[in-house]
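Asks: The structure is given below, and queries will be raised subsequently.
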Amino acid sequence: MENKEVKTARNEMMDRPVVKREIVDFLRKGQKPLSGKLGEIEREANEKGVPIIPHETVVFLSLLLGQIKPEQILEIGAAIGFSSSLMAQYVGESGHVTTIDRFDVMIEKARKNYEALGLTDKVTLLEGQAADILPDLKGPYDFIFMDSAKSKYYDFFPECMRLLKVGGMLVVDDVLQGGTILLPKEDIPKRSRAIHRKLNLFLDVVMKHPALESSIVPLGDGLLMIVKKEEYDFSYLLEKE
């Protein structure tokens, strides 16, 4: 068990930047590195090709969370626990991070990282399918970070809005798919068409809805920021889909 490696599919879209490659390189190498054990975890993951949020997103989230100071954070997609550990630095003494993952190998690695960072009391990792876990959560959360299966963003969104407080923020990672999100369906490989269709449905809703304030930041493979302006029941989306 101790020698078990984290093996997962590399996100190919991260190698198809939506901004110039030299700008991406600067954002990843020219900004302040993380220090301490968390910095070691980031460097090791990058060296081994383990998918975590890229450094430009790390720097941005650190600045953002330092300003909004959320106390209750929900994450969908723990992976090795890197991003939840990063966010746990900004919730204050009484704050908490709840994260969800379904992959045994990732869960094992995440728990080891939480222990190494002294975060076992600060982060709760729920094991299982997010679709099964989200309906049982009560909230409200000040901040939600969604970085899971891209084809599930549309499906998870109504529960995220139910759980998010008014004035709270949902941040969704990897929404631009290396720029292919803009291509017609016919130009998308058949294996990727489900993701392409569901992401476009998702963006059509969140970019235009009057109950939301949304913006896409071209960091990593596209970071979507959504502020919940008022209560609204989005469960109709699943019936429509």
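How things are named: the first chain in the structure tokens is A, the next is B, and so on; residues count from 1 in each chain; ligands count from 1 in the order shown.
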Which residues come within 8 Å of region 154-163 of chain A, counting only C-alpha atoms, excluding same-chain residues fewer than 3 positions away, as a list in words?
Replies: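 So, after excluding close chain neighbours, the residues are Ala130, Ala131, Leu134, Pro135, Leu137, Lys138, Gly139, Pro140, Tyr141, Ile144, Ser151, Leu170, Lys198, Leu199, Leu201, Phe202, Lys228, Tyr232, Asp233, Phe234, Ser235, Leu237 and Leu238 of chain A.
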Asks: Can you check which residues of region 95-228 of chain A DSSP gives as strand (DSSP E or B) on the backbone and send them as a ChimeraX atom specification?
Replies: /A:96-101,123-127,141-146,164-173,212-217,223-228
Asks: So that I can check the surroundings of Met106 (chain A), please list as number ranges by chain every protein, DNA and RNA residue that reaches within 9 Å of it, counting only C-alpha atoms and ignoring chain neighbours fewer than 4 positions away.
Replies: A: 6-7, 78-81, 101-102, 110-111
Asks: Set the distance at 9 Å and use only C-alpha atoms: which residues neighbour Pro218 (chain A) once local chain neighbours fewer than 6 positions away are removed? I'd like the list as a PyMOL selection string.
Replies: chain A and resi 17-19+176+224
Asks: Which residue out of A:Ser83, A:Ser214, A:Ser35, A:Ser94 has the minimum interatomic distance to Ile53 (chain A) when only C-alpha atoms are used?
Replies: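 Checking each candidate against Ile53 (chain A), we get A:Ser83 as the closest.
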Asks: What is the CA of Arg197 (chain A)-CA of Ser215 (chain A) distance in Å, reported with one decimal?
Replies: 19.8 Å
Asks: Give me the residues within 12 Å of Asn200 (chain A) as a list in words, counting only C-alpha atoms and dropping any in the same chain fewer than 5 places off.
Replies: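 Within the cut-off, the hits are Lys150, Ser151, Lys152, Tyr153, Tyr154, Val175, Leu176, Gln177, Thr180, Ile181, Leu182, Leu183, Pro184, Lys185, Arg193, Ala194, Ile195, Val205, Val206 and Met207 of chain A.
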Asks: Please produce an output containing N, CA, C and O atoms for each residue in the selection, written as a short mmCIF file (atom, residue, chain, number, x, y, z; two decimals), in the first residue's frame.
Replies:
data_model
loop_
_atom_site.label_atom_id
_atom_site.label_comp_id
_atom_site.auth_asym_id
_atom_site.auth_seq_id
_atom_site.Cartn_x
_atom_site.Cartn_y
_atom_site.Cartn_z
N LYS A 150 -15.89 16.84 -16.16
CA LYS A 150 -16.42 18.04 -16.83
C LYS A 150 -17.84 17.82 -17.36
O LYS A 150 -18.65 18.76 -17.40
N SER A 151 -18.17 16.59 -17.72
CA SER A 151 -19.52 16.30 -18.22
C SER A 151 -20.56 16.36 -17.11
O SER A 151 -21.76 16.36 -17.39
N LYS A 152 -20.10 16.42 -15.86
CA LYS A 152 -21.02 16.44 -14.72
C LYS A 152 -21.27 17.84 -14.17
O LYS A 152 -22.10 18.00 -13.27
N TYR A 153 -20.58 18.84 -14.68
CA TYR A 153 -20.76 20.20 -14.15
C TYR A 153 -22.23 20.64 -14.24
O TYR A 153 -22.77 21.22 -13.31
N TYR A 154 -22.83 20.39 -15.38
CA TYR A 154 -24.23 20.76 -15.59
C TYR A 154 -25.13 20.06 -14.57
O TYR A 154 -26.04 20.68 -14.00
N VAL A 175 -13.10 24.92 -17.97
CA VAL A 175 -14.34 25.05 -18.74
C VAL A 175 -14.12 25.36 -20.22
O VAL A 175 -15.06 25.32 -21.00
N LEU A 176 -12.88 25.66 -20.61
CA LEU A 176 -12.65 26.06 -22.00
C LEU A 176 -12.14 24.92 -22.89
O LEU A 176 -12.15 25.04 -24.10
N GLN A 177 -11.69 23.84 -22.28
CA GLN A 177 -11.28 22.66 -23.04
C GLN A 177 -10.28 23.00 -24.15
O GLN A 177 -10.46 22.64 -25.32
N THR A 180 -11.52 24.36 -27.45
CA THR A 180 -12.40 23.56 -28.31
C THR A 180 -13.88 23.74 -27.94
O THR A 180 -14.74 23.32 -28.71
N ILE A 181 -14.14 24.35 -26.81
CA ILE A 181 -15.53 24.59 -26.41
C ILE A 181 -16.26 25.44 -27.45
O ILE A 181 -17.49 25.39 -27.57
N LEU A 182 -15.51 26.21 -28.24
CA LEU A 182 -16.10 27.10 -29.24
C LEU A 182 -16.33 26.42 -30.58
O LEU A 182 -16.98 26.99 -31.45
N LEU A 183 -15.81 25.22 -30.75
CA LEU A 183 -15.92 24.55 -32.04
C LEU A 183 -17.30 23.92 -32.22
O LEU A 183 -17.95 23.54 -31.24
N PRO A 184 -17.74 23.77 -33.48
CA PRO A 184 -19.00 23.04 -33.71
C PRO A 184 -18.84 21.58 -33.34
O PRO A 184 -17.73 21.02 -33.36
N LYS A 185 -19.95 20.94 -32.99
CA LYS A 185 -19.93 19.56 -32.54
C LYS A 185 -19.23 18.64 -33.53
O LYS A 185 -18.53 17.70 -33.14
N ARG A 193 -17.53 14.35 -27.30
CA ARG A 193 -18.74 15.13 -27.62
C ARG A 193 -19.68 15.28 -26.43
O ARG A 193 -20.37 16.30 -26.32
N ALA A 194 -19.73 14.29 -25.55
CA ALA A 194 -20.60 14.42 -24.38
C ALA A 194 -20.13 15.56 -23.49
O ALA A 194 -20.94 16.37 -23.01
N ILE A 195 -18.82 15.65 -23.27
CA ILE A 195 -18.26 16.75 -22.48
C ILE A 195 -18.55 18.08 -23.16
O ILE A 195 -18.97 19.05 -22.52
N VAL A 205 -26.31 28.47 -19.53
CA VAL A 205 -27.13 28.83 -18.37
C VAL A 205 -26.43 29.88 -17.52
O VAL A 205 -26.99 30.94 -17.22
N VAL A 206 -25.20 29.61 -17.11
CA VAL A 206 -24.58 30.44 -16.08
C VAL A 206 -24.10 31.79 -16.59
O VAL A 206 -24.01 32.74 -15.81
N MET A 207 -23.83 31.91 -17.88
CA MET A 207 -23.33 33.18 -18.39
C MET A 207 -24.43 34.20 -18.63
O MET A 207 -24.16 35.39 -18.79
#
Asks: So how many Å separate CA of Lys37 (chain A) and CA of Ser84 (chain A), to one decimal?
Replies: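 Computing the Euclidean distance for CA of Lys37 (chain A) and CA of Ser84 (chain A) yields 14.0 Å.
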Asks: Return as an MDAnalysis selection string the full set of residues in region 33-231 of chain A whose backbone-based DSSP assignment is helix (DSSP H, G or I).
Replies: chainID A and resid 36:48 55:68 82:88 104:117 130:136 150:163 177:182 185:187 190:206
Asks: In Å, rounded to a single decimal, give me how far CA of Lys122 (chain A) is from CA of Gln72 (chain A).
Replies: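 Interatomic distance here is 10.4 Å.
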Asks: Name the residues in contact with Gly95 (chain A) at a cut-off of 6 Å, using only C-alpha atoms, excluding same-chain residues fewer than 3 positions from it; report them as a ChimeraX atom specification.
Replies: /A:71-72,91-92
